[in-house]
Amino acid sequence: MSSPLGLRRRLKSLFGIASEPVSAAPETPKVQLTVVRPDGTEEVTEAFAGATLVGAGTRMKRPIATGCSESSCGTCRVEVLDGAENLSEQSAKEVRTLEENKFPTHLRLGCKAELVKGAVKVRAYEIV
(Lines give C-alpha, C1' and ligand atoms only; values in the text may rest on other atoms or scores of the structure.)
Protein backbone atom coordinates (compact mmCIF):
# COMPACT_ATOMS: atom_id res chain seq x y z
CA MET A 1 0.00 0.00 0.00
CA SER A 2 1.33 3.38 -1.00
CA SER A 3 1.02 6.50 1.15
CA PRO A 4 0.45 10.02 -0.16
CA LEU A 5 3.67 11.56 -1.50
CA GLY A 6 5.53 8.33 -0.73
CA LEU A 7 5.86 9.24 2.95
CA ARG A 8 5.95 5.65 4.15
CA ARG A 9 8.79 4.82 1.74
CA ARG A 10 10.71 7.97 2.72
CA LEU A 11 10.39 7.25 6.43
CA LYS A 12 11.61 3.69 5.93
CA SER A 13 14.56 5.02 3.97
CA LEU A 14 15.44 7.47 6.76
CA PHE A 15 15.49 4.61 9.25
CA GLY A 16 17.49 2.39 6.90
CA ILE A 17 14.77 -0.20 6.35
CA ALA A 18 13.60 0.72 2.87
CA SER A 19 14.09 -1.76 0.07
CA GLU A 20 14.76 1.04 -2.41
CA PRO A 21 16.61 4.30 -1.71
CA VAL A 22 14.76 7.58 -2.00
CA SER A 23 16.44 9.94 -4.43
CA ALA A 24 16.96 13.50 -3.32
CA ALA A 25 15.11 16.24 -5.15
CA PRO A 26 17.33 18.15 -7.56
CA GLU A 27 18.76 21.28 -5.99
CA THR A 28 17.48 24.56 -7.42
CA PRO A 29 20.45 26.59 -8.67
CA LYS A 30 21.25 29.92 -7.09
CA VAL A 31 21.94 33.11 -9.00
CA GLN A 32 23.67 36.33 -8.01
CA LEU A 33 22.04 39.76 -8.23
CA THR A 34 24.00 43.00 -7.92
CA VAL A 35 21.97 46.19 -7.56
CA VAL A 36 23.63 49.55 -8.25
CA ARG A 37 21.78 52.30 -6.41
CA PRO A 38 21.23 55.84 -7.73
CA ASP A 39 24.17 57.06 -5.57
CA GLY A 40 26.50 54.47 -7.19
CA THR A 41 26.81 52.12 -4.21
CA GLU A 42 26.30 48.41 -4.88
CA GLU A 43 24.74 45.56 -2.94
CA VAL A 44 24.96 41.88 -3.84
CA THR A 45 22.57 39.09 -2.91
CA GLU A 46 21.86 35.49 -3.90
CA ALA A 47 18.50 34.01 -4.81
CA PHE A 48 17.11 30.83 -6.29
CA ALA A 49 16.68 30.68 -10.05
CA GLY A 50 13.16 31.73 -10.98
CA ALA A 51 12.98 34.61 -8.50
CA THR A 52 12.09 38.04 -9.84
CA LEU A 53 14.53 40.91 -9.37
CA VAL A 54 12.19 42.46 -6.79
CA GLY A 55 11.78 39.13 -4.98
CA ALA A 56 15.53 38.48 -4.93
CA GLY A 57 16.16 41.97 -3.59
CA THR A 58 13.88 41.62 -0.58
CA ARG A 59 16.82 40.38 1.49
CA MET A 60 18.85 43.50 0.73
CA LYS A 61 19.22 46.41 3.14
CA ARG A 62 17.56 48.69 0.61
CA PRO A 63 15.58 46.66 -1.94
CA ILE A 64 14.28 47.73 -5.33
CA ALA A 65 11.12 49.80 -4.85
CA THR A 66 7.81 48.53 -6.18
CA GLY A 67 4.52 50.35 -6.25
CA CYS A 68 1.87 48.07 -7.67
CA SER A 69 3.06 44.41 -7.71
CA GLU A 70 1.18 43.85 -10.97
CA SER A 71 3.55 45.42 -13.50
CA SER A 72 1.47 48.50 -14.21
CA CYS A 73 3.35 51.41 -12.59
CA GLY A 74 7.01 51.02 -13.62
CA THR A 75 8.35 51.95 -10.17
CA CYS A 76 10.53 48.80 -10.15
CA ARG A 77 12.20 49.59 -13.48
CA VAL A 78 15.90 48.79 -13.74
CA GLU A 79 18.60 49.08 -16.33
CA VAL A 80 20.47 45.82 -16.95
CA LEU A 81 24.20 46.57 -16.84
CA ASP A 82 25.48 43.00 -17.16
CA GLY A 83 24.01 39.52 -17.57
CA ALA A 84 20.90 40.33 -19.61
CA GLU A 85 21.14 36.83 -21.11
CA ASN A 86 20.63 35.44 -17.59
CA LEU A 87 17.14 36.96 -17.29
CA SER A 88 13.80 35.73 -18.61
CA GLU A 89 12.65 37.26 -21.88
CA GLN A 90 10.81 40.56 -21.78
CA SER A 91 7.06 40.04 -22.06
CA ALA A 92 4.66 42.13 -24.13
CA LYS A 93 3.02 43.32 -20.89
CA GLU A 94 6.39 44.53 -19.61
CA VAL A 95 7.05 46.52 -22.82
CA ARG A 96 3.52 47.95 -22.77
CA THR A 97 3.88 49.10 -19.15
CA LEU A 98 7.19 50.81 -19.91
CA GLU A 99 5.66 52.55 -22.95
CA GLU A 100 2.53 53.64 -21.06
CA ASN A 101 4.69 55.16 -18.32
CA LYS A 102 6.99 56.83 -20.89
CA PHE A 103 10.10 54.84 -19.90
CA PRO A 104 12.56 53.46 -22.47
CA THR A 105 11.58 49.92 -23.49
CA HIS A 106 15.12 48.58 -23.07
CA LEU A 107 14.60 48.82 -19.29
CA ARG A 108 13.20 45.86 -17.36
CA LEU A 109 10.52 45.67 -14.69
CA GLY A 110 11.91 44.11 -11.52
CA CYS A 111 8.54 42.59 -10.69
CA LYS A 112 8.48 40.64 -13.99
CA ALA A 113 12.12 39.94 -14.94
CA GLU A 114 13.14 36.55 -13.53
CA LEU A 115 16.67 35.46 -12.71
CA VAL A 116 17.33 32.33 -14.77
CA LYS A 117 21.02 31.57 -14.22
CA GLY A 118 24.45 33.03 -13.53
CA ALA A 119 24.84 36.61 -12.39
CA VAL A 120 22.97 39.81 -13.20
CA LYS A 121 23.89 43.42 -12.45
CA VAL A 122 21.23 46.14 -12.63
CA ARG A 123 20.92 49.85 -11.90
CA ALA A 124 17.83 50.59 -9.83
CA TYR A 125 16.17 53.98 -10.18
CA GLU A 126 14.06 53.81 -7.04
CA ILE A 127 14.94 52.08 -3.79
CA VAL A 128 13.02 51.51 -0.58
# chains A, B, ... in the order shown; residues from 1 in each chain; ligands from 1
>>> select_by_dssp(residues="chain A", states="helix (DSSP H, G or I)", output="PDB file with N, CA and C atoms, in the first residue's frame")
ATOM      1  N   PRO A   4       0.360   8.795   0.616  1.00  0.00           N
ATOM      2  CA  PRO A   4       0.451  10.024  -0.159  1.00  0.00           C
ATOM      3  C   PRO A   4       1.882  10.554  -0.157  1.00  0.00           C
ATOM      4  N   LEU A   5       2.340  10.980  -1.327  1.00  0.00           N
ATOM      5  CA  LEU A   5       3.673  11.561  -1.495  1.00  0.00           C
ATOM      6  C   LEU A   5       4.795  10.592  -1.150  1.00  0.00           C
ATOM      7  N   GLY A   6       4.495   9.318  -1.024  1.00  0.00           N
ATOM      8  CA  GLY A   6       5.526   8.334  -0.726  1.00  0.00           C
ATOM      9  C   GLY A   6       6.128   8.479   0.651  1.00  0.00           C
ATOM     10  N   LEU A   7       5.344   8.986   1.602  1.00  0.00           N
ATOM     11  CA  LEU A   7       5.860   9.239   2.947  1.00  0.00           C
ATOM     12  C   LEU A   7       6.330   7.968   3.639  1.00  0.00           C
ATOM     13  N   ARG A   8       5.570   6.902   3.495  1.00  0.00           N
ATOM     14  CA  ARG A   8       5.946   5.655   4.154  1.00  0.00           C
ATOM     15  C   ARG A   8       7.316   5.184   3.654  1.00  0.00           C
ATOM     16  N   ARG A   9       7.530   5.240   2.342  1.00  0.00           N
ATOM     17  CA  ARG A   9       8.791   4.825   1.742  1.00  0.00           C
ATOM     18  C   ARG A   9       9.928   5.736   2.208  1.00  0.00           C
ATOM     19  N   ARG A  10       9.687   7.021   2.274  1.00  0.00           N
ATOM     20  CA  ARG A  10      10.710   7.972   2.720  1.00  0.00           C
ATOM     21  C   ARG A  10      11.096   7.757   4.182  1.00  0.00           C
ATOM     22  N   LEU A  11      10.097   7.516   5.020  1.00  0.00           N
ATOM     23  CA  LEU A  11      10.387   7.252   6.432  1.00  0.00           C
ATOM     24  C   LEU A  11      11.208   5.979   6.594  1.00  0.00           C
ATOM     25  N   LYS A  12      10.844   4.934   5.861  1.00  0.00           N
ATOM     26  CA  LYS A  12      11.608   3.692   5.929  1.00  0.00           C
ATOM     27  C   LYS A  12      13.047   3.924   5.487  1.00  0.00           C
ATOM     28  N   SER A  13      13.221   4.725   4.456  1.00  0.00           N
ATOM     29  CA  SER A  13      14.564   5.023   3.967  1.00  0.00           C
ATOM     30  C   SER A  13      15.377   5.771   5.023  1.00  0.00           C
ATOM     31  N   LEU A  14      14.747   6.704   5.710  1.00  0.00           N
ATOM     32  CA  LEU A  14      15.443   7.467   6.760  1.00  0.00           C
ATOM     33  C   LEU A  14      15.919   6.550   7.887  1.00  0.00           C
ATOM     34  N   LEU A  53      13.541  39.986  -9.912  1.00  0.00           N
ATOM     35  CA  LEU A  53      14.531  40.913  -9.368  1.00  0.00           C
ATOM     36  C   LEU A  53      14.025  41.524  -8.056  1.00  0.00           C
ATOM     37  N   VAL A  54      12.768  41.887  -8.019  1.00  0.00           N
ATOM     38  CA  VAL A  54      12.189  42.456  -6.794  1.00  0.00           C
ATOM     39  C   VAL A  54      12.203  41.414  -5.680  1.00  0.00           C
ATOM     40  N   GLY A  55      11.798  40.191  -5.980  1.00  0.00           N
ATOM     41  CA  GLY A  55      11.785  39.130  -4.984  1.00  0.00           C
ATOM     42  C   GLY A  55      13.168  38.819  -4.455  1.00  0.00           C
ATOM     43  N   ALA A  56      14.151  38.761  -5.345  1.00  0.00           N
ATOM     44  CA  ALA A  56      15.525  38.478  -4.932  1.00  0.00           C
ATOM     45  C   ALA A  56      16.070  39.597  -4.055  1.00  0.00           C
ATOM     46  N   GLY A  57      15.652  40.818  -4.337  1.00  0.00           N
ATOM     47  CA  GLY A  57      16.161  41.965  -3.591  1.00  0.00           C
ATOM     48  C   GLY A  57      15.541  42.182  -2.230  1.00  0.00           C
ATOM     49  N   THR A  58      14.543  41.393  -1.868  1.00  0.00           N
ATOM     50  CA  THR A  58      13.878  41.616  -0.577  1.00  0.00           C
ATOM     51  C   THR A  58      14.803  41.384   0.605  1.00  0.00           C
ATOM     52  N   ARG A  59      15.879  40.638   0.400  1.00  0.00           N
ATOM     53  CA  ARG A  59      16.821  40.383   1.492  1.00  0.00           C
ATOM     54  C   ARG A  59      17.901  41.461   1.591  1.00  0.00           C
ATOM     55  N   ALA A  84      22.262  40.314 -19.067  1.00  0.00           N
ATOM     56  CA  ALA A  84      20.896  40.333 -19.612  1.00  0.00           C
ATOM     57  C   ALA A  84      20.471  38.957 -20.108  1.00  0.00           C
ATOM     58  N   GLU A  85      21.440  38.177 -20.603  1.00  0.00           N
ATOM     59  CA  GLU A  85      21.142  36.832 -21.106  1.00  0.00           C
ATOM     60  C   GLU A  85      20.762  35.869 -19.984  1.00  0.00           C
ATOM     61  N   ASN A  86      20.962  36.278 -18.743  1.00  0.00           N
ATOM     62  CA  ASN A  86      20.629  35.437 -17.585  1.00  0.00           C
ATOM     63  C   ASN A  86      19.253  35.757 -17.005  1.00  0.00           C
ATOM     64  N   ALA A  92       5.384  41.036 -23.488  1.00  0.00           N
ATOM     65  CA  ALA A  92       4.660  42.132 -24.135  1.00  0.00           C
ATOM     66  C   ALA A  92       4.072  43.071 -23.083  1.00  0.00           C
ATOM     67  N   LYS A  93       3.593  42.518 -21.980  1.00  0.00           N
ATOM     68  CA  LYS A  93       3.018  43.317 -20.885  1.00  0.00           C
ATOM     69  C   LYS A  93       4.081  44.241 -20.298  1.00  0.00           C
ATOM     70  N   GLU A  94       5.292  43.730 -20.151  1.00  0.00           N
ATOM     71  CA  GLU A  94       6.390  44.525 -19.613  1.00  0.00           C
ATOM     72  C   GLU A  94       6.696  45.711 -20.538  1.00  0.00           C
ATOM     73  N   VAL A  95       6.790  45.455 -21.839  1.00  0.00           N
ATOM     74  CA  VAL A  95       7.052  46.517 -22.820  1.00  0.00           C
ATOM     75  C   VAL A  95       5.921  47.535 -22.810  1.00  0.00           C
ATOM     76  N   ARG A  96       4.690  47.061 -22.771  1.00  0.00           N
ATOM     77  CA  ARG A  96       3.517  47.947 -22.773  1.00  0.00           C
ATOM     78  C   ARG A  96       3.524  48.865 -21.545  1.00  0.00           C
ATOM     79  N   THR A  97       3.843  48.303 -20.379  1.00  0.00           N
ATOM     80  CA  THR A  97       3.880  49.104 -19.148  1.00  0.00           C
ATOM     81  C   THR A  97       4.953  50.171 -19.237  1.00  0.00           C
ATOM     82  N   LEU A  98       6.116  49.821 -19.758  1.00  0.00           N
ATOM     83  CA  LEU A  98       7.187  50.812 -19.911  1.00  0.00           C
ATOM     84  C   LEU A  98       6.756  51.918 -20.867  1.00  0.00           C
ATOM     85  N   GLU A  99       6.144  51.554 -21.984  1.00  0.00           N
ATOM     86  CA  GLU A  99       5.664  52.548 -22.955  1.00  0.00           C
ATOM     87  C   GLU A  99       4.595  53.454 -22.343  1.00  0.00           C
ATOM     88  N   GLU A 100       3.621  52.861 -21.659  1.00  0.00           N
ATOM     89  CA  GLU A 100       2.529  53.637 -21.058  1.00  0.00           C
ATOM     90  C   GLU A 100       3.033  54.626 -20.016  1.00  0.00           C
TER      91      GLU A 100
END
>>> residues_around(residues="region 106-114 of chain A", least_positions_apart="5", cutoff="9 Å", atoms="only C-alpha atoms", output="count of residues only")
31
>>> atom_distance(atom1="CA of Val44 (chain A)", atom2="CA of Met60 (chain A)")
7.8 Å
>>> closest_residue(among="A:Leu81, A:Val120, A:Lys102, A:Ala47", to="Pro29 (chain A)", atoms="only C-alpha atoms")
A:Ala47
>>> select_by_dssp(residues="region 25-77 of chain A", states="strand (DSSP E)", output="list in words")
Lys30, Val31, Gln32, Leu33, Thr34, Val35, Val36, Glu42, Glu43, Val44, Thr45, Glu46, Ala47, Phe48 and Arg77 of chain A
>>> closest_residue(among="A:Ala119, A:Leu33, A:Cys73, A:Ile127", to="Asn101 (chain A)", atoms="only C-alpha atoms")
A:Cys73
>>> residues_around(residues="Gly118 (chain A)", least_positions_apart="5", cutoff="8 Å", atoms="only C-alpha atoms", output="list in words")
Lys30, Val31, Gln32, Gly83 and Asn86 of chain A
>>> closest_residue(among="A:Pro26, A:Thr34, A:Lys61, A:Val128", to="Leu115 (chain A)", atoms="only C-alpha atoms")
A:Thr34
